[in-house]
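**Q** The structure that follows is given in the form of C-alpha cells.
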Amino acid sequence: MTDEVAVLGAGMHPWGKWGRSFVEYGTVAARAALADAGIDWRRVGSIVGADTVRGGYPGYVAGATFAKALGWQGARVASVYAACASGAQAVSTARAQILSGLADVVLVVGADAAPKGFFRPAGGDRADDPDWLRFRVLGATNPTYFGLYARRRMAVHGDTPEDFAQVKVKNAAMGALNPNARYRKRVTAEEVASSAVVADPLRLLDICATSDGGAALVLSSMEFARRHGAADPVRIRAVSTVTPRYPSTVLDLPDIATDSAVSVEPADETFRASIARAAYEEAGIGPRDLSLAEVYDLSTALELQWYEDLGLCGEGGGAKLLAEGATALGGRIPVNVSGGLSSFGEAVPAQAIAQVCELTWQLRGTAGDRQVAGARVGVCANQGLFGHGSAVIAVR
Amino acid sequence: MSRTRTPVVTGWFAGEGDDFRLLGTRCSACASVFFPREDAFCRNPGCSGGELVEVPLSRRGRVWSYTDSRYRPPSPYVSDRELEWQPYALIAVELAAERLVVLGQAVPGVAVADLTVGMEVEVVPGVLNEDAETTWTTWHWRPTGVTV
Ligand SMILES: [Zn+2]
C-alpha cells in the first residue's frame, strides 16, 4: 500500500456548450476548489494541468495557462496529456509530488471546450498515426468502436438494446439531480429506442456527447491537512495508470487490429480489468468494499462492461446487475450517481478529475439529492486512447 | 478518364482477385505476427528482436463483431458531400491462424442485417474512393456465402 494524500477541495464549472474558452472553465473550477479547501492560491506549491488538444499548443500547455489565469505566483508547474485518462495522470503527478515531499499542496485542473460533432484527428496527412489511419481508411469514428463492443456483448452475453437503454434511464435520472450536469432531464426507454441509430446497435441516446466543462482538485499531504484543520478529509488511496500487456486482444480505440496472440498467451484478464485490479491492490481493498463507483460510460453498453471489469459482478453479469437495481441510487453498489458521461457529455481532460470531485462530495456526505447513504469507499475508472489506464480509489 | 489505382496505405495488402491478401509481418525470432505491419521492431516484450518478414494473412476469418456508420464520418475520411450519405458496415474479423482481429469495411451491399457474429468472411479487394487522378484501393470483408 502507498501512503495517502488528502483531498482538501473540489470544484467544477458546469458542463454544457457555453461557447467560451477552456481557460475560463478551468479557472472557475480552480477558484471553486481553492475556496472549498480554504486555501489561498499563493500558498499552492505546484499546479498540474490536464491538457486539451485544442488551442494550438495543446491547451496552451494547460498547467502554466491556468497558473497565469489565476495569477503567476511562482508555483512548480506540470502539464500532462493521456486522452481520456489525462485527469488521472494529473492526479497521479500531483500525488507523486506530495508523497515525495516536492510539494505539500497541489492544484490539479482540467478543462475543455469541445467541438461540435464527432471527435476527429488533427489535420494533415499522417499515414504513421493510427488515429489518422482509422478515419482515412475505415471512417471508424469513436461510436463505431462502441457499436462493435455492444454487438459483441449481445452475441456473447445475450445483452439486448433494451438492457443498454436502461443504463441511460438510470443515469439520466441521477443526472437530473446534479447541478453540474449538462443534461438534467429524465429519459425513458422509449425515448432511447426512438432516437436515431448512430452505430448499430447503438442509438444517439446510448452514446455520450462532447461537452465544455472544467474540474479541479486541491490535494495535500496528510500532515498539511491536519495542520490546516482538516481532521477527517477524503483521502486518495490509489491511482492506477497502468498500460496494457502484450498481447492486447481487445480491439481498442484507435486501433485497426489487435495484437496477435500466436506466440504469447494473453493474460487472463482484459486491460480494463487490470486497471481496476492495480487500483484495488494499491488500496488494499476489493470490489466488495466499495460504496459507489464512477465509470466511463462513453456508451450505455460500456457501462455494463465496466461493472464486470471492476468485479462488481461476474463476466456477462452486467445487464442482470443493472436490472436488479444494484447500480441505481439506493442499490448495493450505485454506479454513476453523478449522472455519468451520459448526463455530462465528455470534456476530455476534465472528466477523470470530475469523477474524483463526485467521489469527494459523496464521501463527505454533501452530494445532496444524489447522496449515497454512508459512502466510505469510492472508485472511478476509465481508459484513455492508445493504452492509458485510469482509476482512482478514494476513502474516508 | 483513366485513374491510377493506388493503395490507400502502402504495403498493407496486395494481389488481385483470389490472390488478394492483407500483408503483415512476422518476427523471425518469436513468430509474433503484426498487422498493421511492424517493420522496425518486434513488440513482444519477451523477444530479444528478430528480423521482421512480410507475410500474407489468412484470407478467411470469422466475424468477431460488426457495426455501421449511419452518419458521414469526418475528414480525413473522403466522401462526396453532394451525395446523400450511404451507411456502410464495419466488420471486425478474427483470423484463427494469426490469433488477431482485423477491422475492415464490408463490401458494398452487405449491411448489418446480413451479418452475424461467428459468420465466415473473406478478404477481397475494394475501392475506398476516387478523385480526379486516383482510384484509392483498400480491403473489404465479404461473407463467404455471398457473391457480389
Ligand atoms: Zn519477436
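FYI, nothing fancy with the C-alpha cells labels: chains A, B, ... in order, residues from 1 per chain, ligands from 1 as they appear.
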What residues in chain A lie within 7 Å of chain B, counting only C-alpha atoms, written as a count of residues only?
**A** 27
**Q** For Gly284 of chain A, please output as a ChimeraX atom specification all residues within 10 Å (counting only C-alpha atoms; exclusion window: fewer than 3 positions along the same chain).
**A** /A:1-2,237-238,278-281,289
**Q** Please identify which residues in segment 228-328 of chain A DSSP calls alpha helix (DSSP H) from the backbone, and express them as a list in words.
**A** Phe271, Arg272, Ala273, Ser274, Ile275, Ala276, Arg277, Ala278, Ala279, Tyr280, Glu281, Glu282, Ala283, Thr300, Ala301, Leu302, Glu303, Leu304, Gln305, Trp306, Tyr307, Glu308, Asp309, Gly318, Ala319, Lys320, Leu321, Leu322 and Ala323 of chain A
**Q** Using only C-alpha atoms and all ligand atoms, find the one residue out of B:Trp85, B:Phe41, B:Phe13, B:Trp141 that sits nearest to ligand 1.
**A**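 With only C-alpha atoms and all ligand atoms as the atom set, the closest residue is B:Phe41.
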**Q** So which bits of chain B end up strand (DSSP E or B) when you DSSP the backbone, as a ChimeraX atom specification?
**A** /B:4-7,13-14,21-27,33-34,52-56,60-68,89-95,100-106,120-130,134-143
**Q** My list of candidates is A:Ala350, A:Val167, A:Ile285, A:Ala113. Which is closest to Ala326 of chain A when distances are computed with only C-alpha atoms?
**A**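 Of A:Ala350, A:Val167, A:Ile285, A:Ala113, the one nearest Ala326 of chain A, counting only C-alpha atoms, is A:Val167.
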**Q** With only C-alpha atoms as the basis for distance, which of B:Gly17, B:Gly50, B:Gly61, B:Gly11 is at the shortest distance from Val121 of chain B?
**A**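 When distances to Val121 of chain B are compared using only C-alpha atoms, the smallest one comes from B:Gly61.
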**Q** Write out as a PyMOL selection string the residues lying within 9 Å of Lys185 of chain A, counting only C-alpha atoms and excluding same-chain residues fewer than 5 positions away.
**A** chain A and resi 172-173+175-177+343
**Q** How would the residues just picked look written out with N, CA, C and O atoms as an mmCIF file, in the first residue's frame?
**A**
data_model
loop_
_atom_site.group_PDB
_atom_site.id
_atom_site.type_symbol
_atom_site.label_atom_id
_atom_site.label_comp_id
_atom_site.auth_asym_id
_atom_site.auth_seq_id
_atom_site.Cartn_x
_atom_site.Cartn_y
_atom_site.Cartn_z
ATOM 1 N N ALA A 172 -29.690 9.119 -16.509
ATOM 2 C CA ALA A 172 -30.408 10.379 -16.721
ATOM 3 C C ALA A 172 -31.177 10.774 -15.459
ATOM 4 O O ALA A 172 -31.251 11.958 -15.112
ATOM 5 N N ALA A 173 -31.724 9.775 -14.766
ATOM 6 C CA ALA A 173 -32.463 10.060 -13.535
ATOM 7 C C ALA A 173 -31.533 10.667 -12.489
ATOM 8 O O ALA A 173 -31.921 11.567 -11.732
ATOM 9 N N GLY A 175 -28.507 12.192 -13.233
ATOM 10 C CA GLY A 175 -28.011 13.461 -13.767
ATOM 11 C C GLY A 175 -29.005 14.595 -13.544
ATOM 12 O O GLY A 175 -28.612 15.753 -13.361
ATOM 13 N N ALA A 176 -30.290 14.250 -13.534
ATOM 14 C CA ALA A 176 -31.336 15.255 -13.309
ATOM 15 C C ALA A 176 -31.177 15.903 -11.929
ATOM 16 O O ALA A 176 -31.668 17.003 -11.693
ATOM 17 N N LEU A 177 -30.476 15.214 -11.031
ATOM 18 C CA LEU A 177 -30.291 15.710 -9.661
ATOM 19 C C LEU A 177 -28.977 16.483 -9.488
ATOM 20 O O LEU A 177 -28.679 16.953 -8.391
ATOM 21 N N SER A 343 -24.975 11.995 -18.744
ATOM 22 C CA SER A 343 -25.620 13.258 -18.369
ATOM 23 C C SER A 343 -24.689 14.458 -18.514
ATOM 24 O O SER A 343 -25.147 15.594 -18.549
#
**Q** Tell me, counting only C-alpha atoms, for each residue of segment 38-96 of chain A within 10 Å of segment 10-32 of chain A, which pair of atoms is nearest and how far apart they are in Å to one decimal, in rows ordered by chain and increasing number, as CSV.
**A**
residue,atom,partner,partner_atom,distance
A:Gly38,CA,A:Ala32,CA,9.8
A:Ile39,CA,A:Arg31,CA,9.7
A:Asp40,CA,A:Arg31,CA,9.5
A:Trp41,CA,A:Arg31,CA,8.3
A:Gly49,CA,A:Gly26,CA,9.2
A:Ala50,CA,A:Gly26,CA,9.9
A:Thr52,CA,A:Phe22,CA,8.4
A:Arg54,CA,A:Phe22,CA,8.9
A:Gly55,CA,A:Phe22,CA,8.9
A:Gly59,CA,A:Phe22,CA,8.0
A:Tyr60,CA,A:Val23,CA,9.2
A:Ala62,CA,A:Val23,CA,8.4
A:Thr65,CA,A:Val23,CA,7.2
A:Phe66,CA,A:Thr27,CA,6.3
A:Ala67,CA,A:Thr27,CA,8.8
A:Lys68,CA,A:Thr27,CA,9.8
A:Ala69,CA,A:Thr27,CA,6.7
A:Leu70,CA,A:Thr27,CA,6.7
**Q** Store the residues picked out above, limited to N, CA and C atoms, as an mmCIF file, in the first residue's frame.
**A**
data_model
loop_
_atom_site.group_PDB
_atom_site.id
_atom_site.type_symbol
_atom_site.label_atom_id
_atom_site.label_comp_id
_atom_site.auth_asym_id
_atom_site.auth_seq_id
_atom_site.Cartn_x
_atom_site.Cartn_y
_atom_site.Cartn_z
ATOM 1 N N GLY A 38 -10.357 26.231 1.332
ATOM 2 C CA GLY A 38 -9.950 27.307 2.233
ATOM 3 C C GLY A 38 -8.463 27.597 2.109
ATOM 4 N N ILE A 39 -7.960 27.498 0.869
ATOM 5 C CA ILE A 39 -6.526 27.703 0.601
ATOM 6 C C ILE A 39 -6.353 28.906 -0.323
ATOM 7 N N ASP A 40 -5.472 29.795 0.044
ATOM 8 C CA ASP A 40 -5.099 30.921 -0.822
ATOM 9 C C ASP A 40 -4.232 30.367 -1.954
ATOM 10 N N TRP A 41 -4.546 30.736 -3.185
ATOM 11 C CA TRP A 41 -3.792 30.255 -4.349
ATOM 12 C C TRP A 41 -2.297 30.486 -4.190
ATOM 13 N N GLY A 49 -1.724 20.699 -14.775
ATOM 14 C CA GLY A 49 -2.817 20.869 -15.734
ATOM 15 C C GLY A 49 -2.964 19.652 -16.611
ATOM 16 N N ALA A 50 -4.218 19.266 -16.879
ATOM 17 C CA ALA A 50 -4.503 18.211 -17.859
ATOM 18 C C ALA A 50 -4.817 18.915 -19.174
ATOM 19 N N THR A 52 -5.952 19.965 -22.919
ATOM 20 C CA THR A 52 -6.891 19.701 -24.007
ATOM 21 C C THR A 52 -6.068 19.709 -25.296
ATOM 22 N N ARG A 54 -7.086 21.095 -27.919
ATOM 23 C CA ARG A 54 -7.463 22.292 -28.660
ATOM 24 C C ARG A 54 -6.651 23.499 -28.195
ATOM 25 N N GLY A 55 -6.569 24.489 -29.056
ATOM 26 C CA GLY A 55 -5.900 25.723 -28.671
ATOM 27 C C GLY A 55 -4.439 25.756 -29.051
ATOM 28 N N GLY A 59 -3.854 22.845 -25.476
ATOM 29 C CA GLY A 59 -4.403 23.530 -24.313
ATOM 30 C C GLY A 59 -3.457 24.583 -23.787
ATOM 31 N N TYR A 60 -2.701 25.260 -24.715
ATOM 32 C CA TYR A 60 -1.675 26.244 -24.345
ATOM 33 C C TYR A 60 -0.717 25.663 -23.300
ATOM 34 N N ALA A 62 -1.466 23.223 -20.468
ATOM 35 C CA ALA A 62 -2.505 23.676 -19.552
ATOM 36 C C ALA A 62 -2.025 24.170 -18.188
ATOM 37 N N THR A 65 -0.966 27.722 -18.341
ATOM 38 C CA THR A 65 -2.082 28.576 -18.754
ATOM 39 C C THR A 65 -3.013 28.864 -17.581
ATOM 40 N N PHE A 66 -3.307 27.812 -16.797
ATOM 41 C CA PHE A 66 -4.179 28.035 -15.629
ATOM 42 C C PHE A 66 -3.448 28.847 -14.554
ATOM 43 N N ALA A 67 -2.130 28.601 -14.388
ATOM 44 C CA ALA A 67 -1.356 29.355 -13.395
ATOM 45 C C ALA A 67 -1.358 30.843 -13.732
ATOM 46 N N LYS A 68 -1.231 31.138 -15.034
ATOM 47 C CA LYS A 68 -1.229 32.541 -15.458
ATOM 48 C C LYS A 68 -2.598 33.171 -15.202
ATOM 49 N N ALA A 69 -3.664 32.402 -15.539
ATOM 50 C CA ALA A 69 -5.014 32.930 -15.361
ATOM 51 C C ALA A 69 -5.322 33.189 -13.880
ATOM 52 N N LEU A 70 -4.774 32.347 -13.018
ATOM 53 C CA LEU A 70 -5.005 32.536 -11.575
ATOM 54 C C LEU A 70 -4.087 33.615 -11.010
#
